[in-house]
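**Q** The structure is given below, and queries will be raised subsequently.
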Amino acid sequence: MSPDPVADESAGSASASGESPASGPRRRRVASSTLKRASALGSGRPATIYDVARAAGVSHQTVTRYLNGFEGIRPETRARVKDALRALDYRPNLNARSLNSGRSRRIGALIQEIDQYGPSKVLQGATAAAREAGYVLDVVAQDVSRRTSIMAALDLLSEHDLAGILALSSTDEMTRAFESSRFGVPVVICTEPDDVTSGHPSELTTRGFPGLVRHLADLGHRRFLHIAGPTAWSSARNRARAYEAAVARHGLRSVATLPGDWTARSGFDAVMGVPGELGATAVVAANDQMALGAMLALTRRGLSVPGDVSVTGVDDIPDAAFFSPPLTTLRADFAAQGRAAVAALLAQIDGGESEVDRTWHSELVVRESTGEAP
């Protein structure tokens with residue numbers, strides 16, 4: 001018999017269980033003691049919901065309700081269950097849940113450019129959101145050089161019983177391929193929409209770039225140079241337009257926009273390829289890797305950063321704080337994009353609305369690569 005009836009754990013049910021106000025602290029002490037004993041068992045077998053229930057001092061029905069996202073559980077009870085799940089390293093049996101619910105608990109994820117920072121962080125956020133909702137993400141990487149690879153990936157995913165598919169796209173070509181494909185299950189195409197065609201620009205372009213350019217203008221910079229990402233990426237086009245609009249808004253001058261491909265090498269080549277004088281005191285790169293390459297090129301040209309030229313990036317990759325000098329950059333919340341896409345897909349699986357929330361946060365992170373204009 002479980003320590004508490006289900007009614008004890010749901011909001012507004014204290015009277016049904018006969019619980020007195022004084023009994024709450026006693027149960028919390030017992031649950032804490034039980035949790036310590038259970039976490040130290042080391043039985044070698046996976047924990048079950050019954051183990052979690054005993055450790056938290058609740059009923060197994062309450063644990064099931066918690067795992068299914070039931071909201072009517074008291075905060076203190078919810079906290080005990082969460083602590084017990086963590087202490088016992090509980091992992092849900094997705095096969096059993098699929099049998100009980102009559103539907104799959106697996107989501108297929110199609111992704112390209114997984115070696116790039118942005119797409120990899122989007123996938124990380126999507127994986128976490130799926131796991132928290134009780135789903136497993138089956139990831140299949142796409143070969144962007146072959147359009148037919150999407151068909152091979154769909155054939156591979158069709159061998160599995162999927163609840164839905166998350167199509168993570170970075171380029172226009174792959175987005176068109178996804179949009180023209182027949183999936184047979186609910187699908188959400190996760191891509192950064194083009195600001196011009198979608199009419200819903202992200203915070204990165206509406207607040208991030210204006211704030212970045214304003215930061216440089218406040219330091220006295222008047223002549224700018226932009227290193228852009230590949231034009232086949234909507235995110236690169238959005239960043240280039242946001243840069244140009246922000247420079248124009250402040251009455252500043254953009255001396256050039258140089259092409260890049262997201263790599264440090266392309267940032268290096270772009271700056272080294274400028275003939276004669278650079279003509280700018282601030283370089284705004286569309287991502288951190290290209291900013292890294294630009295800083296090396298500036299050094300090779302006999303210029304100091306930020307003494308002669310300030311340099312900024314976008315993304316705030318983990319290494320950005322350890323560049324020489326540490327990089328001023330726009331931090332983008334890619335994980336939130338992945339989470340939002342999974343939320344939209346789960347809503348569609350459940351028969352609800354499936355629009356992706358695009359209120360992704362961005363933040364200016366000021367470090368030592370920017371300084372006063374010479």
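Ligands are numbered from 1 in the order shown, residues from 1 within each chain, and chains are lettered A, B, ... in the order they appear in the structure tokens.
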Within 10 Å of region 231-243 of chain A, which residues of region 195-218 of chain A come that close, and what is the closest atom pair and distance in Å for each? Count only C-alpha atoms and give it as a Markdown table.
**A**
```
| residue | atom | partner | partner_atom | distance |
| --- | --- | --- | --- | --- |
| A:Asp195 | CA | A:Asn238 | CA | 6.1 |
| A:Val196 | CA | A:Asn238 | CA | 8.3 |
| A:Pro201 | CA | A:Asn238 | CA | 8.2 |
| A:Ser202 | CA | A:Asn238 | CA | 9.0 |
| A:Leu204 | CA | A:Arg239 | CA | 8.1 |
| A:Thr205 | CA | A:Ala242 | CA | 5.3 |
| A:Thr206 | CA | A:Ala242 | CA | 7.3 |
| A:Arg207 | CA | A:Ala242 | CA | 9.3 |
| A:Gly208 | CA | A:Ala242 | CA | 8.8 |
| A:Phe209 | CA | A:Tyr243 | CA | 6.0 |
| A:Pro210 | CA | A:Ala242 | CA | 7.5 |
| A:Leu212 | CA | A:Tyr243 | CA | 8.9 |
| A:Val213 | CA | A:Tyr243 | CA | 7.6 |
```
**Q** From the DSSP assignment of the backbone, select every residue of region 50-280 of chain A that is strand (DSSP E or B), and format the answer as a PyMOL selection string.
**A** chain A and resi 73+106-111+136-141+164-168+171+187-190+223-228+233+253-259
**Q** A:Ala133, A:Val63, A:Val58, A:Val305: which is nearest Pro374 (chain A), counting only C-alpha atoms?
**A**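 Of the candidates, the smallest distance to Pro374 (chain A) is held by A:Val305.
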**Q** Could you check how far CA of His361 (chain A) sits from CA of Glu203 (chain A), in Å to one decimal?
**A** 6.1 Å
**Q** Find the distance between CA of Cys190 (chain A) and CA of Ala332 (chain A) and write it in Å to one decimal.
**A** 15.9 Å
